[in-house]
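**Q** One file is attached below, query_10.cif, containing mmCIF, C-alpha atoms.
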```cif
data_my_file
loop_
_atom_site.label_atom_id
_atom_site.label_comp_id
_atom_site.auth_asym_id
_atom_site.auth_seq_id
_atom_site.Cartn_x
_atom_site.Cartn_y
_atom_site.Cartn_z
CA MET T 1 -8.55 57.33 -21.35
CA LYS T 2 -9.61 57.75 -17.77
CA ARG T 3 -12.69 55.61 -18.44
CA PHE T 4 -10.46 52.89 -19.95
CA GLN T 5 -8.20 52.93 -16.87
CA THR T 6 -11.26 52.62 -14.62
CA ILE T 7 -12.45 49.55 -16.55
CA VAL T 8 -9.01 47.91 -16.34
CA ILE T 9 -8.81 48.56 -12.59
CA PHE T 10 -12.30 47.09 -12.13
CA ILE T 11 -11.30 43.94 -14.03
CA LEU T 12 -8.14 43.52 -11.98
CA ILE T 13 -10.07 43.91 -8.74
CA THR T 14 -12.63 41.33 -9.90
CA VAL T 15 -9.88 38.82 -10.75
CA ALA T 16 -8.20 39.42 -7.38
CA VAL T 17 -11.44 38.73 -5.52
CA TYR T 18 -12.00 35.54 -7.52
CA VAL T 19 -8.48 34.28 -6.72
CA ALA T 20 -8.99 35.08 -3.04
CA GLY T 21 -12.22 33.10 -3.14
CA ALA T 22 -10.46 30.17 -4.80
CA ARG T 23 -8.06 30.13 -1.83
CA PHE T 24 -11.14 29.79 0.39
CA PHE T 25 -10.94 33.34 1.63
CA ARG T 26 -8.48 32.53 4.42
CA SER T 27 -6.88 35.94 3.95
CA VAL T 28 -10.19 37.78 3.62
CA SER T 29 -12.14 39.06 6.59
CA GLY T 30 -15.58 40.60 6.86
CA SER T 31 -16.85 39.13 3.57
CA SER T 32 -19.99 37.09 3.03
CA ILE T 33 -19.82 33.69 1.37
CA SER T 34 -21.81 35.00 -1.62
CA ASP T 35 -18.78 37.07 -2.64
CA PHE T 36 -16.93 33.89 -3.60
CA LEU T 37 -19.64 31.76 -5.23
CA SER T 38 -19.05 30.39 -8.73
CA PRO T 39 -22.26 30.17 -10.82
CA LYS T 40 -23.63 26.85 -12.14
CA ASP T 41 -26.84 26.12 -14.07
CA ASN T 42 -29.24 26.52 -11.18
CA PHE T 43 -27.00 26.98 -8.18
CA THR T 44 -23.83 28.66 -7.00
CA SER T 45 -20.94 26.69 -5.58
CA VAL T 46 -18.03 26.96 -3.17
CA VAL T 47 -15.26 24.33 -3.17
CA TYR T 48 -13.03 23.93 -0.11
CA THR T 49 -10.04 21.60 0.20
CA VAL T 50 -9.60 20.12 3.68
CA GLU T 51 -6.24 21.09 5.20
CA GLU T 52 -4.05 19.31 7.73
CA GLY T 53 -5.48 19.85 11.22
CA ASP T 54 -8.93 20.87 10.00
CA THR T 55 -11.97 19.76 11.97
CA TRP T 56 -15.58 20.15 10.94
CA GLY T 57 -15.76 23.08 13.35
CA THR T 58 -12.92 24.96 11.64
CA VAL T 59 -14.19 24.06 8.16
CA SER T 60 -17.74 25.26 8.83
CA LYS T 61 -16.31 28.46 10.34
CA ASN T 62 -14.10 29.07 7.30
CA LEU T 63 -17.13 28.52 5.06
CA ARG T 64 -19.14 31.10 7.05
CA LEU T 65 -21.80 28.54 8.04
CA SER T 66 -23.97 29.34 11.03
CA SER T 67 -23.56 27.11 14.08
CA GLU T 68 -27.12 25.87 13.54
CA VAL T 69 -26.47 24.79 9.95
CA GLY T 70 -23.05 23.34 10.84
CA SER T 71 -24.55 21.24 13.63
CA ALA T 72 -27.41 20.07 11.42
CA LEU T 73 -25.00 18.94 8.68
CA LEU T 74 -22.81 17.12 11.19
CA ALA T 75 -25.79 15.31 12.69
CA ALA T 76 -27.11 14.30 9.28
CA SER T 77 -23.71 13.04 8.14
CA GLU T 78 -23.68 10.35 10.84
CA GLU T 79 -26.08 8.32 8.70
CA ALA T 80 -23.50 7.94 5.90
CA HIS T 81 -20.02 9.23 6.77
CA SER T 82 -19.41 11.56 9.70
CA LEU T 83 -18.08 15.01 8.89
CA ALA T 84 -16.06 14.61 12.06
CA ASP T 85 -13.84 12.32 9.96
CA LEU T 86 -12.26 14.63 7.39
CA ARG T 87 -9.11 13.82 5.43
CA ALA T 88 -6.57 16.49 4.47
CA GLY T 89 -6.47 17.11 0.72
CA ASN T 90 -10.02 15.98 0.02
CA PRO T 91 -12.44 18.49 -1.57
CA LEU T 92 -15.72 19.58 -0.03
CA GLU T 93 -18.33 21.48 -2.05
CA LEU T 94 -21.32 23.55 -0.91
CA ARG T 95 -24.12 24.33 -3.36
CA PHE T 96 -26.46 27.27 -2.79
CA ASP T 97 -29.73 28.38 -4.37
CA LYS T 98 -28.78 31.03 -6.93
CA LYS T 99 -31.66 33.33 -5.93
CA THR T 100 -32.05 32.88 -2.17
CA ASN T 101 -28.46 31.82 -1.31
CA GLU T 102 -29.98 28.96 0.73
CA LEU T 103 -27.72 25.93 1.22
CA LEU T 104 -29.05 23.11 -0.95
CA GLU T 105 -26.35 20.45 -0.83
CA LEU T 106 -22.98 19.43 0.60
CA ARG T 107 -20.68 17.07 -1.34
CA TYR T 108 -17.50 15.62 0.17
CA ASP T 109 -15.05 13.17 -1.38
CA ILE T 110 -14.60 10.54 1.33
CA ASN T 111 -11.90 8.82 -0.71
CA ASP T 112 -11.07 8.10 -4.32
CA SER T 113 -14.30 6.23 -4.95
CA ASP T 114 -16.93 7.29 -2.38
CA LEU T 115 -18.84 10.56 -2.17
CA LEU T 116 -20.82 11.90 0.80
CA ILE T 117 -23.86 13.91 -0.29
CA ILE T 118 -26.06 15.79 2.18
CA ARG T 119 -29.16 17.28 0.52
CA LYS T 120 -31.76 19.62 1.97
CA ASN T 121 -35.14 17.95 1.60
CA LYS T 122 -38.29 20.00 1.91
CA ILE T 123 -40.94 18.39 4.12
CA ASP T 124 -43.56 21.15 3.84
CA ASP T 125 -43.67 24.91 3.29
CA ASN T 126 -42.14 25.60 6.69
CA THR T 127 -40.02 22.55 7.38
CA SER T 128 -36.95 20.98 5.78
CA GLU T 129 -34.20 18.59 6.83
CA PHE T 130 -30.76 17.48 5.74
CA VAL T 131 -30.51 13.88 4.51
CA ALA T 132 -27.18 12.16 3.88
CA SER T 133 -26.24 9.40 1.46
CA ASN T 134 -23.04 7.66 0.39
CA GLU T 135 -22.66 7.36 -3.38
CA LYS T 136 -19.97 6.23 -5.79
CA ILE T 137 -17.99 8.94 -7.57
CA LYS T 138 -18.77 8.90 -11.29
CA TYR T 139 -15.74 9.05 -13.56
CA ASN T 140 -15.43 8.94 -17.31
CA ILE T 141 -12.98 6.10 -17.98
CA THR T 142 -10.65 5.50 -20.91
CA LEU T 143 -7.90 2.90 -21.12
CA ALA T 144 -4.18 3.58 -21.41
CA ALA T 145 -1.53 1.04 -22.40
CA ARG T 146 2.22 1.30 -21.85
CA ARG T 147 5.30 -0.92 -22.12
CA GLY T 148 8.99 -0.64 -21.29
CA VAL T 149 12.30 -2.49 -21.14
CA ILE T 150 14.30 -1.74 -18.00
CA ASP T 151 17.78 -0.28 -18.52
CA ASN T 152 18.21 1.28 -15.09
CA SER T 153 15.27 1.00 -12.70
CA LEU T 154 11.58 0.17 -13.00
CA PHE T 155 10.62 3.64 -11.84
CA GLU T 156 12.82 5.55 -14.28
CA THR T 157 11.92 3.30 -17.21
CA ALA T 158 8.19 3.51 -16.51
CA VAL T 159 8.23 7.30 -16.09
CA ALA T 160 10.06 7.61 -19.42
CA ALA T 161 7.35 5.43 -20.99
CA GLY T 162 4.65 7.81 -19.72
CA VAL T 163 3.35 5.69 -16.85
CA PRO T 164 2.01 7.80 -13.93
CA GLU T 165 3.87 7.41 -10.63
CA GLY T 166 0.79 5.98 -8.87
CA ILE T 167 0.44 3.24 -11.48
CA ILE T 168 4.13 2.34 -11.11
CA LEU T 169 3.68 1.91 -7.36
CA ASP T 170 0.49 -0.10 -7.87
CA MET T 171 2.21 -2.37 -10.38
CA ALA T 172 5.10 -2.99 -7.98
CA TRP T 173 2.62 -3.77 -5.20
CA ILE T 174 0.60 -6.17 -7.38
CA PHE T 175 3.69 -8.28 -8.09
CA SER T 176 5.37 -7.73 -4.71
CA TRP T 177 4.57 -11.24 -3.44
CA ASP T 178 6.47 -12.81 -6.34
CA ILE T 179 9.17 -10.22 -7.10
CA ASP T 180 11.41 -8.29 -4.72
CA PHE T 181 11.65 -4.98 -6.59
CA ASN T 182 14.48 -3.81 -4.33
CA THR T 183 16.91 -6.59 -5.23
CA ALA T 184 15.59 -8.81 -8.05
CA ILE T 185 15.19 -6.36 -10.97
CA ARG T 186 17.57 -6.98 -13.89
CA THR T 187 18.57 -4.92 -16.93
CA GLY T 188 16.45 -6.25 -19.78
CA ASP T 189 13.41 -7.03 -17.62
CA SER T 190 10.24 -5.72 -19.23
CA PHE T 191 6.65 -4.80 -18.45
CA ARG T 192 3.31 -4.16 -20.13
CA VAL T 193 0.44 -2.50 -18.31
CA ILE T 194 -3.13 -1.45 -19.00
CA TYR T 195 -4.75 1.05 -16.64
CA GLU T 196 -7.63 3.48 -16.36
CA GLU T 197 -7.39 7.18 -17.13
CA ARG T 198 -10.17 9.15 -15.42
CA THR T 199 -11.85 12.48 -15.95
CA ARG T 200 -14.48 14.13 -13.76
CA ASP T 201 -16.58 17.09 -14.88
CA GLY T 202 -14.35 17.34 -17.93
CA LYS T 203 -11.11 17.53 -15.93
CA SER T 204 -8.38 14.92 -15.63
CA VAL T 205 -8.22 13.54 -12.08
CA GLY T 206 -5.37 11.10 -12.52
CA PRO T 207 -5.19 7.38 -13.20
CA GLY T 208 -7.55 4.80 -11.80
CA ARG T 209 -6.96 1.08 -11.40
CA VAL T 210 -4.45 -1.20 -13.06
CA LEU T 211 -6.58 -3.64 -15.10
CA ALA T 212 -3.87 -5.95 -16.39
CA ALA T 213 -0.08 -6.19 -16.24
CA GLN T 214 2.74 -8.46 -17.26
CA PHE T 215 6.28 -8.40 -15.89
CA VAL T 216 9.20 -10.43 -17.18
CA ASN T 217 11.86 -10.80 -14.47
CA ASP T 218 15.08 -12.65 -15.28
CA GLY T 219 13.29 -14.51 -18.09
CA LYS T 220 10.25 -15.53 -16.02
CA GLU T 221 6.87 -14.03 -16.89
CA PHE T 222 4.35 -12.93 -14.26
CA SER T 223 0.80 -11.84 -15.11
CA ALA T 224 -1.95 -10.07 -13.21
CA PHE T 225 -5.58 -9.44 -14.13
CA TYR T 226 -8.11 -7.49 -12.11
CA TYR T 227 -11.22 -9.63 -11.96
CA VAL T 228 -14.54 -8.84 -10.28
CA ASP T 229 -16.52 -12.05 -9.81
CA PRO T 230 -20.34 -12.24 -9.88
CA ASP T 231 -20.33 -11.90 -6.08
CA GLY T 232 -18.76 -8.45 -6.47
CA ASP T 233 -15.36 -9.48 -5.05
CA GLY T 234 -12.57 -7.77 -7.00
CA GLN T 235 -9.01 -9.17 -6.77
CA TYR T 236 -5.83 -9.36 -8.81
CA ARG T 237 -5.40 -12.89 -10.10
CA GLY T 238 -2.65 -14.69 -11.96
CA ALA T 239 -3.01 -16.43 -15.31
CA ASP T 240 -4.24 -19.58 -13.54
CA GLY T 241 -6.92 -17.62 -11.67
CA SER T 242 -5.29 -17.80 -8.23
CA GLU T 243 -5.36 -14.69 -6.07
CA LEU T 244 -2.00 -12.89 -6.09
CA LYS T 245 -2.35 -11.35 -2.65
CA ARG T 246 -0.76 -13.27 0.22
CA GLN T 247 -1.17 -12.86 3.96
CA PHE T 248 2.21 -11.10 4.27
CA LEU T 249 4.27 -8.68 2.20
CA ARG T 250 7.80 -9.82 1.47
CA ALA T 251 9.22 -6.68 3.12
CA PRO T 252 7.73 -3.83 5.19
CA LEU T 253 9.52 -0.99 3.32
CA ASP T 254 11.59 0.08 0.34
CA TYR T 255 15.12 -0.64 1.51
CA ARG T 256 18.68 -0.12 0.30
CA ARG T 257 19.93 -3.52 1.40
CA ILE T 258 19.62 -6.15 4.12
CA SER T 259 22.25 -5.05 6.60
CA SER T 260 21.84 -8.02 8.91
CA GLY T 261 20.07 -11.30 8.32
CA TYR T 262 18.42 -13.89 10.53
CA THR T 263 21.11 -15.76 12.47
CA THR T 264 21.80 -17.43 15.79
CA LYS T 265 25.34 -16.00 15.93
CA ARG T 266 26.14 -12.38 15.11
CA TYR T 267 28.81 -10.03 16.47
CA VAL T 268 27.12 -7.04 18.14
CA LYS T 269 29.50 -4.09 17.69
CA VAL T 270 27.81 -1.87 20.27
CA LEU T 271 28.12 -4.48 23.04
CA ARG T 272 31.22 -6.27 21.66
CA TYR T 273 29.89 -9.81 21.95
CA PHE T 274 28.39 -12.56 19.80
CA GLY T 275 24.66 -13.07 20.09
CA SER T 276 21.67 -14.21 18.10
CA HIS T 277 19.79 -11.92 15.69
CA ARG T 278 16.45 -13.55 15.01
CA ALA T 279 15.17 -10.77 12.77
CA ILE T 280 15.95 -8.96 9.51
CA ASP T 281 17.60 -5.53 9.49
CA TYR T 282 16.74 -3.39 6.47
CA ALA T 283 19.06 -0.44 5.82
CA ALA T 284 17.09 2.64 4.76
CA ALA T 285 17.19 6.40 5.16
CA ILE T 286 15.69 8.00 8.27
CA GLY T 287 12.07 8.86 7.56
CA THR T 288 11.48 6.02 5.07
CA PRO T 289 7.82 4.88 5.52
CA VAL T 290 7.33 1.50 7.19
CA SER T 291 4.21 -0.53 6.35
CA ALA T 292 2.33 -3.30 8.11
CA THR T 293 3.16 -6.51 6.28
CA ALA T 294 -0.30 -7.98 6.89
CA ASP T 295 -3.73 -7.07 8.20
CA GLY T 296 -3.79 -7.07 11.99
CA THR T 297 -4.32 -5.32 15.31
CA VAL T 298 -1.71 -3.12 16.99
CA THR T 299 -0.74 -4.59 20.37
CA PHE T 300 2.17 -2.31 21.33
CA VAL T 301 3.30 1.24 20.47
CA GLY T 302 6.09 2.85 22.46
CA TRP T 303 9.65 2.64 23.71
CA LYS T 304 10.94 -0.90 24.26
CA ASN T 305 14.45 -1.02 25.73
CA GLN T 306 17.11 -1.62 23.06
CA HIS T 307 14.43 -1.67 20.36
CA GLY T 308 13.81 2.06 20.83
CA LYS T 309 10.53 3.24 19.30
CA HIS T 310 8.76 -0.02 18.61
CA ILE T 311 5.49 -1.36 17.18
CA GLU T 312 3.97 -4.82 17.52
CA ILE T 313 1.06 -6.15 15.47
CA LYS T 314 -0.95 -9.34 15.94
CA HIS T 315 -2.10 -11.07 12.75
CA GLY T 316 -4.22 -14.09 11.95
CA ASN T 317 -3.12 -17.73 12.07
CA GLY T 318 -0.86 -17.19 15.13
CA TYR T 319 1.50 -14.68 13.49
CA ALA T 320 2.82 -11.43 15.02
CA THR T 321 5.34 -8.88 13.72
CA GLY T 322 7.59 -6.27 15.34
CA TYR T 323 9.12 -3.06 13.91
CA SER T 324 12.01 -1.42 15.82
CA HIS T 325 14.35 1.62 15.95
CA LEU T 326 11.67 3.87 14.44
CA SER T 327 12.01 7.63 14.33
CA ALA T 328 8.24 8.25 14.56
CA TYR T 329 4.85 6.56 14.43
CA ALA T 330 2.08 7.12 11.91
CA LYS T 331 -0.48 9.67 13.04
CA GLY T 332 -3.30 8.07 15.05
CA LEU T 333 -1.53 4.76 15.60
CA ARG T 334 -2.47 3.28 18.98
CA VAL T 335 -2.94 -0.04 20.75
CA GLY T 336 -6.12 -1.71 19.53
CA LYS T 337 -6.12 0.00 16.13
CA LYS T 338 -6.77 -2.32 13.19
CA VAL T 339 -4.36 -1.83 10.31
CA LYS T 340 -4.40 -3.04 6.72
CA GLN T 341 -1.62 -4.69 4.80
CA ASN T 342 0.68 -2.04 3.28
CA GLU T 343 -0.72 0.69 5.57
CA ILE T 344 2.01 3.05 6.80
CA ILE T 345 2.55 2.57 10.55
CA GLY T 346 5.84 4.36 11.20
CA PHE T 347 9.11 5.71 9.84
CA VAL T 348 12.68 4.41 9.83
CA GLY T 349 14.99 5.78 12.52
CA SER T 350 17.93 4.83 14.72
CA THR T 351 16.43 4.87 18.21
CA GLY T 352 17.40 2.46 20.98
CA LEU T 353 20.48 0.27 20.62
CA SER T 354 21.29 1.10 16.99
CA THR T 355 24.45 2.01 15.08
CA GLY T 356 22.68 3.57 12.09
CA ALA T 357 19.38 4.14 10.33
CA HIS T 358 17.58 0.85 9.69
CA LEU T 359 14.44 -1.12 10.42
CA HIS T 360 14.69 -4.17 12.68
CA TYR T 361 11.84 -6.44 11.53
CA GLU T 362 10.90 -9.60 13.37
CA MET T 363 8.16 -12.19 13.03
CA ARG T 364 6.72 -14.71 15.46
CA LYS T 365 4.61 -17.80 14.90
CA ASN T 366 2.68 -18.87 18.01
CA GLY T 367 5.15 -16.87 20.10
CA THR T 368 8.35 -18.28 18.56
CA LEU T 369 10.66 -16.09 16.46
CA ILE T 370 10.93 -17.26 12.83
CA ASN T 371 12.84 -16.11 9.75
CA PRO T 372 10.57 -13.78 7.68
CA LEU T 373 12.62 -14.43 4.53
CA ARG T 374 11.92 -18.15 4.71
CA LEU T 375 8.21 -17.76 5.26
CA ASP T 376 6.32 -19.77 2.68
CA LEU T 377 3.87 -17.49 0.89
CA PRO T 378 1.22 -19.89 -0.41
CA PRO T 379 -1.08 -18.77 -3.25
CA GLY T 380 -4.16 -16.81 -2.32
CA LYS T 381 -7.74 -18.00 -2.50
CA PRO T 382 -8.40 -20.10 -5.62
CA LEU T 383 -11.02 -19.05 -8.13
CA LYS T 384 -14.40 -20.73 -7.70
CA ASP T 385 -15.06 -23.35 -10.37
CA GLU T 386 -18.34 -21.73 -11.38
CA TYR T 387 -16.51 -18.48 -12.24
CA ARG T 388 -13.76 -20.10 -14.33
CA SER T 389 -15.34 -19.53 -17.75
CA ASP T 390 -16.20 -15.92 -16.92
CA PHE T 391 -12.65 -15.25 -15.74
CA GLU T 392 -11.06 -16.89 -18.80
CA ALA T 393 -13.24 -14.85 -21.18
CA LYS T 394 -12.34 -11.54 -19.51
CA LYS T 395 -8.68 -12.53 -19.20
CA ALA T 396 -8.55 -13.31 -22.92
CA LYS T 397 -9.72 -9.78 -23.81
CA LEU T 398 -7.11 -8.21 -21.54
CA LEU T 399 -4.38 -10.48 -22.90
CA THR T 400 -5.24 -9.37 -26.42
CA LEU T 401 -4.87 -5.74 -25.34
CA LEU T 402 -1.56 -6.45 -23.58
CA LYS T 403 -0.09 -8.18 -26.64
CA SER T 404 -1.19 -5.31 -28.89
CA ILE T 405 0.87 -2.70 -26.99
CA LYS T 406 3.55 -1.35 -29.32
#
```
Using structure tokens, write down the structure that the file contains.
**A**
Amino acid sequence: MKRFQTIVIFILITVAVYVAGARFFRSVSGSSISDFLSPKDNFTSVVYTVEEGDTWGTVSKNLRLSSEVGSALLAASEEAHSLADLRAGNPLELRFDKKTNELLELRYDINDSDLLIIRKNKIDDNTSEFVASNEKIKYNITLAARRGVIDNSLFETAVAAGVPEGIILDMAWIFSWDIDFNTAIRTGDSFRVIYEERTRDGKSVGPGRVLAAQFVNDGKEFSAFYYVDPDGDGQYRGADGSELKRQFLRAPLDYRRISSGYTTKRYVKVLRYFGSHRAIDYAAAIGTPVSATADGTVTFVGWKNQHGKHIEIKHGNGYATGYSHLSAYAKGLRVGKKVKQNEIIGFVGSTGLSTGAHLHYEMRKNGTLINPLRLDLPPGKPLKDEYRSDFEAKKAKLLTLLKSIK
């Protein structure tokens, strides 16, 4: 009996140590890294998930790397993707020789598609060096197909149909230049979507890309097909082959309603007078993310009189946009920073001369204020004639799959 109890206690201790190692031994002191290695075929491995505020210095310290090895890895990484640029939530793996416990390889997920690999290459019997490369993450891909008829909201209907949240957001973004999903959705609207389901090392890692989608809004059908042309340029295109993406998003956020439109005569309650309001006010809860409506360069971040916390971005073709009354700015936002369309730049607030939570959004063309809601959003780049037959053939296959969804 006593022997049985001893065995049970040993097993429990072993499990506890393993769990502590899985949490990256933050609560363990005085242990060597070999205590937490998980065995593979010819190496042992430690996986670490980057946390908010981590730097390469703190990560290498938590992983019990010597300063010499940490510095060597950092220097080598500059050739592919610097370890000084780590993103919270992304996994980093170290692989060690099973016999000698020598570091053989570092693997870090830069993003959803790119992988940094730093391998130890042996030059001769006494010399070795770390060499970095940037490779594509290899997923096993299967296709998923879903459909739904909206009886409440797109989100609720799609979730009930088994569509992952990320795919719902992607689908809304794909059609966002043609459909305002905040105000234009009707009961009876419908969708069909085909997307990738991905596994990595035998484990599900969530959905990949939307490959094709159809949305019927108020009786009008919109289609989108992801097409990679022979030049390697991948874009979502409509049934006629035109690029769906426009220079500007229709709106910079998910909003409850437009609380004040573009006008030359509006009564200002705070100041009790009539004045112009050459912008659009979007009512939304404090903290709602605000996105750049187009690619551009930040030209102003800071307090601007009645605008409160304010951001200005310069875009191409003489356009500029402004975002006011924010509660906070996105981390790292600064003058001179280049931002992408749909990138989060700040959060809704009620700073400055404001009577409630909303975003004041304005647009200028060659320095003159214009109405964002009346901005003509011309079709994107047309498909090259020499790629037409290739596009039509691939579109036909996706259309067949879309129509077969039950």
**Q** Of the residues T:Asn182, T:Leu115, T:Gly356, T:Phe130, which is the one nearest to Ser71 (chain T), using only C-alpha atoms?
**A**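 Among the listed residues, T:Phe130 lies closest to Ser71 (chain T).
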**Q** Just so the selection is clear, what residues does the PyMOL selection byres ((chain T and resi 361-371) around 9) cover here, as a list in words?
**A**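 Answer for the PyMOL selection byres ((chain T and resi 361-371) around 9): Ala251, Pro252, Gly261, Tyr262, Thr263, Arg278, Ala279, Ile280, Asp281, Tyr282, Asn317, Gly318, Tyr319, Ala320, Thr321, Gly322, Tyr323, Ser324, Leu359, His360, Pro372, Leu373, Arg374 and Leu375 of chain T.
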**Q** May I ask for the distance between CA of Ser354 (chain T) and CA of Ala328 (chain T), given in Å to one decimal place?
**A**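 Here the two named atoms are 15.1 Å from each other.
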**Q** As number ranges by chain, please: the residues near Tyr226 (chain T) (cut-off 9 Å, only C-alpha atoms, same-chain neighbours under 6 positions excluded).
**A** T: 209-212, 234-237, 395
**Q** Take the PyMOL selection byres ((chain T and resi 242) around 9), run it mentally on this structure, and tell me the resulting residues as a list in words.
**A** Tyr236, Arg237, Gly238, Ala239, Asp240, Gly241, Glu243, Leu244, Pro379, Gly380, Lys381, Pro382 and Leu383 of chain T
**Q** So, counting all atoms listed in the file, which residue among T:Leu401, T:Ile344, T:Ala184, T:Val50 is closest to Ala213 (chain T)?
**A**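 Once distances to Ala213 (chain T) are computed over all atoms listed in the file, the minimum belongs to T:Leu401.
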**Q** Evaluate the PyMOL selection byres ((chain T and resi 171-178) around 8) and record the selected residues as a ChimeraX atom specification, following the chain and residue labels used in the document.
**A** /T:167-170,179-181,210,213,222,224,236,244-246,249-250,377
**Q** For Ala84 (chain T), which residue out of T:Thr58, T:Gly349, T:Glu165, T:Ser67 is the nearest one, using only C-alpha atoms?
**A**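 Using only C-alpha atoms, Ala84 (chain T) sits closest to T:Thr58.
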**Q** I'd like the interatomic distance between CA of Ala292 (chain T) and CA of Thr351 (chain T), to a tenth of an Å.
**A**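 It comes out at 19.2 Å.
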**Q** Could you state the separation of CA of Asn90 (chain T) and CA of Val163 (chain T) in Å, given to one decimal place?
**A** 23.9 Å
**Q** Measuring atom to atom with only C-alpha atoms, identify which of T:His315, T:Lys397, T:His358, T:Lys220 is nearest to Ala283 (chain T).
**A**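 For Ala283 (chain T), the nearest of the candidates is T:His358.
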**Q** Which residues are close to Asp295 (chain T), i.e. within 6 Å by only C-alpha atoms, leaving aside same-chain residues fewer than 3 positions away? Reply as a list in words.
**A**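 Selected residues are Val339, Lys340 and Gln341 of chain T.
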**Q** Which residue out of T:Pro207, T:Gln306, T:Phe191, T:Phe248 has the minimum interatomic distance to Ser223 (chain T) when only C-alpha atoms are used?
**A** T:Phe191
**Q** Quick one: residues within 12 Å of Gly219 (chain T), all atoms listed in the file counted, chain neighbours fewer than 5 positions away excluded, as a PyMOL selection string?
**A** chain T and resi 184-191
**Q** Those same residues, written as a PDB file, keeping the file's coordinate frame with C-alpha atoms?
**A**
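Result written to out-v1.pdb:
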```pdb
ATOM      1  CA  ALA T 184      15.590  -8.810  -8.050  1.00  0.00           C
ATOM      2  CA  ILE T 185      15.190  -6.360 -10.970  1.00  0.00           C
ATOM      3  CA  ARG T 186      17.570  -6.980 -13.890  1.00  0.00           C
ATOM      4  CA  THR T 187      18.570  -4.920 -16.930  1.00  0.00           C
ATOM      5  CA  GLY T 188      16.450  -6.250 -19.780  1.00  0.00           C
ATOM      6  CA  ASP T 189      13.410  -7.030 -17.620  1.00  0.00           C
ATOM      7  CA  SER T 190      10.240  -5.720 -19.230  1.00  0.00           C
ATOM      8  CA  PHE T 191       6.650  -4.800 -18.450  1.00  0.00           C
TER       9      PHE T 191
END
```
**Q** Using only C-alpha atoms, find the one residue out of T:Ala357, T:Ile118, T:His307, T:Gly162 that sits nearest to Ala72 (chain T).
**A**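 Closest candidate: T:Ile118.
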